[in-house]
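These notes concern the structure reproduced below.
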Amino acid sequence: MSATIAQLAEVNATVALLKTQMAAIDPNGQLVNELNAWFYAYCGCLVFFMQAGFALLEAGSVRAKNAKNILMKNLLDACIGALIWWGWGYGVAYQGAGDPDNGFIGHNVKGDTSLGHFFVGGYDAVSTTYTGDVIPGDGYDYGAWWFQYVFAAAAATIVSGAMAERTSLVGYLVYTIFITGFIYPVVVYWTWGYGWAFRWNGGLQDFAGSGIVHMTGGIAALCGAAIVGPRKGRFDESKKPIAMPAHNTTFQVLGTFILWLGWYGFNPGSTLAIVGQGEVMARAICTTTLSAASGGITVVLLDKMLASKTWDVGMLCNGILAGLVSITAGAADVLPWMAMVIGFLGGFVYIASSKITLYVCKVDDPLDAFSVHGCCGFWGVMANALFAADLPGRGVKGAFYGNGAPLGAGLVFCFADIGWTGGLSCIMFMSLKMANVLRVSAEVEDAGMDVSKHGGSAYEQPK
């Protein structure tokens with residue numbers, strides 16, 4: 001024991017010496033900020049690569065006649081999201097962050113006339129930065145914009161899977177702009193922008209966005225899928241579901257693996273820095289892995305025993321994703337064994353919600369986007385509120401450790417998000433439906449959108 005204490009003392013002394021040396025080498029923090037900007041860029045690239053994962057998963061999960069259409073919509077998510085996030089989405093999410101007089105939406109505080117986060121207008125490398133806490137030219141501000149953009153794009157992409165195979169391109173463009181530019185960034189301002197949900201009752205504890213990103217996308221997905229209506233032939237005359245199998249299992253599996261990889265930017269990258277955050281970052285990698293594995297095994301076994309009676313690859317994929325969504329809120333705050341429990345219970349949440357959505361609510365969600373992202377996102381927030389273990393570098397304590405405040409804050413935020421996202425999404429989708437621009441015609445749906453709208457099948461052989 002004495003030897004161990006001596007070794008720890010030696011390590012602490014070494015760390016203190018390194019900090020002193022770093023302060024001497026980098027007195028203004030330039031190097032630290034540039035290292036953190038690199039970390040933003042690296043983790044953001046992993047999260048951006050999730051767009052490829054979503055594209056493959058969604059294309060593989062729909063029928064072949066609509067594969068090209070869903071691939072195009074995923075590409076447009078990235079394109080539209082970048083422009084919207086540059087123009088005003090980032091400003092709505094972060095402008096005036098922390099203003100005690102406004103906890104609802106991004107805005108210019110009194111006396112500030114700069115563009116700031118709007119149009120990335122305050123990031124001039126030859127003047128002081130908008131936030132004033134980083135050195136001009138070190139790249140940290142631009143890195144922050146990039147990292148938050150890829151999160152916004154992911155939230156919007158969740159919706160496209162739930163509405164696949166029958167939503168018009170015009171309807172898709174409208175809802176993507178509205179979600180990326182207003183619905184999602186307002187939720188971000190409430191929370192990561194130090195708004196009301198960050199301040200209330202000790203504050204929401206959602207480290208990487210189980211609720212902020214995934215539940216928001218999942219709620220919008222449910223509203224869209226319900227209002228656009230089921231695909232033709234999804235239910236028989238007695239409203240019993242008729243199977244519409246995925247057309248490409250290889251795409252599904254590759255998409256899932258790419259999404260799993262992207263989560264190693266999503267969760268560990270949410271430290272928002274690498275200098276001084278190594279332990280938190282590494283712990284997030286460990287818990288993310290274990291929850292994904294636990295969720296996948298739980299779902300495929302439950303489905304084998306209780307439902308399909310076969311080893312369903314698609315269910316295994318969704319189980320992995322359910323585990324990943326479930327741990328996103330608490331990746332930095334729970335112990336490894338807790339992550340396995342969270343993923344295990346997330347598997348039950350996914351299975352139950354999937355069956356209820358289809359068989360009880362009669363909502364056709366081809367990707368189970370609401371169940372994977374919406375319901376497991378809700379569970380992820382609650383899981384962290386229960387299991388957060390007061391760990392080094394974080395200090396978040398959940399209900400099982402004697403602090404019930406995160407549970408109350410989490411519940412209030414989740415129901416507020418359901419009301420905000422659900423209410424605005426229903427208004428938006430109903431308006432599009434009434435304008436007759438939400439759904440394609442029956443003829444186009446029968447033929448498939450690839451032939452009708454995109455010049456031919458995704459698998460058309462060259463002549």
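Residue numbering restarts at 1 in every chain; chains get A, B, ... in the order shown in the structure tokens, and ligands count up from 1 in that same order.
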Task: Spatial neighbours of Phe151 (chain A), 9 Å, only C-alpha atoms, chain gap at least 4 places, as a PyMOL selection string - done: chain A and resi 44+47-48+146-147+155-156+209+213+266
TODO: Would you list the contacts of Asp364 (chain A) as number ranges by chain, taking every protein, DNA or RNA residue within 12 Å and counting only C-alpha atoms, but skipping same-chain residues closer than 5 positions in sequence?
DONE: A: 161-166, 221-235, 239-244, 354-359, 369-371
Open item on the list: Excluding region 325-332 of chain A and its own-chain neighbours fewer than 4 positions away, which residues fall within 8 Å of it when counting only C-alpha atoms? Please give them as a VMD selection string.
Closed with: chain A and resid 205 to 211 214 267 to 268 280 to 281 283 to 285 287 to 288 291 321 339 342 to 343 346 372 to 373 376 to 377 379 to 381 383 to 384 388 394
Include C-alpha atoms and write out the residues we just selected as a compact mmCIF listing (two decimals), in the first residue's frame.
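The resulting file, result.txt, is reproduced below:
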# COMPACT_ATOMS: atom_id res chain seq x y z
CA GLN A 205 -26.92 16.27 -17.29
CA ASP A 206 -26.78 15.20 -20.93
CA PHE A 207 -23.09 14.90 -21.73
CA ALA A 208 -23.21 14.18 -25.48
CA GLY A 209 -26.87 14.50 -26.40
CA SER A 210 -29.10 11.48 -25.75
CA GLY A 211 -31.93 13.94 -25.28
CA HIS A 214 -31.27 11.96 -30.46
CA ASN A 267 -19.24 10.89 -27.17
CA PRO A 268 -15.50 11.33 -26.40
CA VAL A 280 -12.89 11.70 -19.29
CA MET A 281 -12.39 11.12 -23.01
CA ARG A 283 -13.78 6.68 -20.08
CA ALA A 284 -16.37 7.78 -22.65
CA ILE A 285 -14.79 5.46 -25.22
CA THR A 287 -18.58 3.05 -21.74
CA THR A 288 -19.72 3.70 -25.32
CA SER A 291 -23.27 -0.17 -23.92
CA LEU A 321 -27.66 1.67 -32.05
CA ALA A 339 -22.76 1.17 -19.13
CA ILE A 342 -27.73 0.92 -19.40
CA GLY A 343 -27.27 -0.76 -22.79
CA GLY A 346 -31.92 0.23 -23.52
CA VAL A 372 -33.90 3.89 -31.44
CA HIS A 373 -33.36 7.63 -31.09
CA CYS A 376 -33.67 5.37 -26.10
CA GLY A 377 -32.71 9.05 -26.05
CA TRP A 379 -33.93 6.57 -21.45
CA GLY A 380 -30.35 7.81 -21.83
CA VAL A 381 -31.14 11.05 -20.01
CA ALA A 383 -30.09 6.58 -17.04
CA ASN A 384 -27.45 9.22 -16.44
CA ALA A 388 -23.92 9.11 -12.66
CA ARG A 394 -16.93 15.35 -14.10
Task: Nearest residue to Ile212 (chain A) from the set A:Trp145, A:Trp190, A:Phe178, A:Phe251 (distances using only C-alpha atoms) - done: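 Distance minimum relative to Ile212 (chain A) lands on A:Trp190.
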Task: Two-atom distance - CA of Gly193 (chain A), CA of Gln148 (chain A) (Å) - done: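 Separation between CA of Gly193 (chain A) and CA of Gln148 (chain A): 11.4 Å.
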Task: Residue nearest Gly408 (chain A) among A:Met338, A:Val444, A:Leu57, A:Met382 (counting only C-alpha atoms) - done: A:Met382
TODO: List every residue of region 100-277 of chain A that DSSP, applied to the backbone, labels as alpha helix (DSSP H), and write the result as a PyMOL selection string.
DONE: chain A and resi 140-162+169-178+184-191+196-199+216-228+249-266
- [ ] Have a look at A:Leu335, A:Met428, A:Val275, A:Ala282 and name the one nearest to Ile183 (chain A); count only C-alpha atoms.
- [x]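 Ranking A:Leu335, A:Met428, A:Val275, A:Ala282 by distance to Ile183 (chain A), first place goes to A:Met428.
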Task: Distance criterion (only C-alpha atoms): nearest to Leu411 (chain A) out of A:Ser353, A:Leu316, A:Met430, A:Gly203 - done: A:Gly203
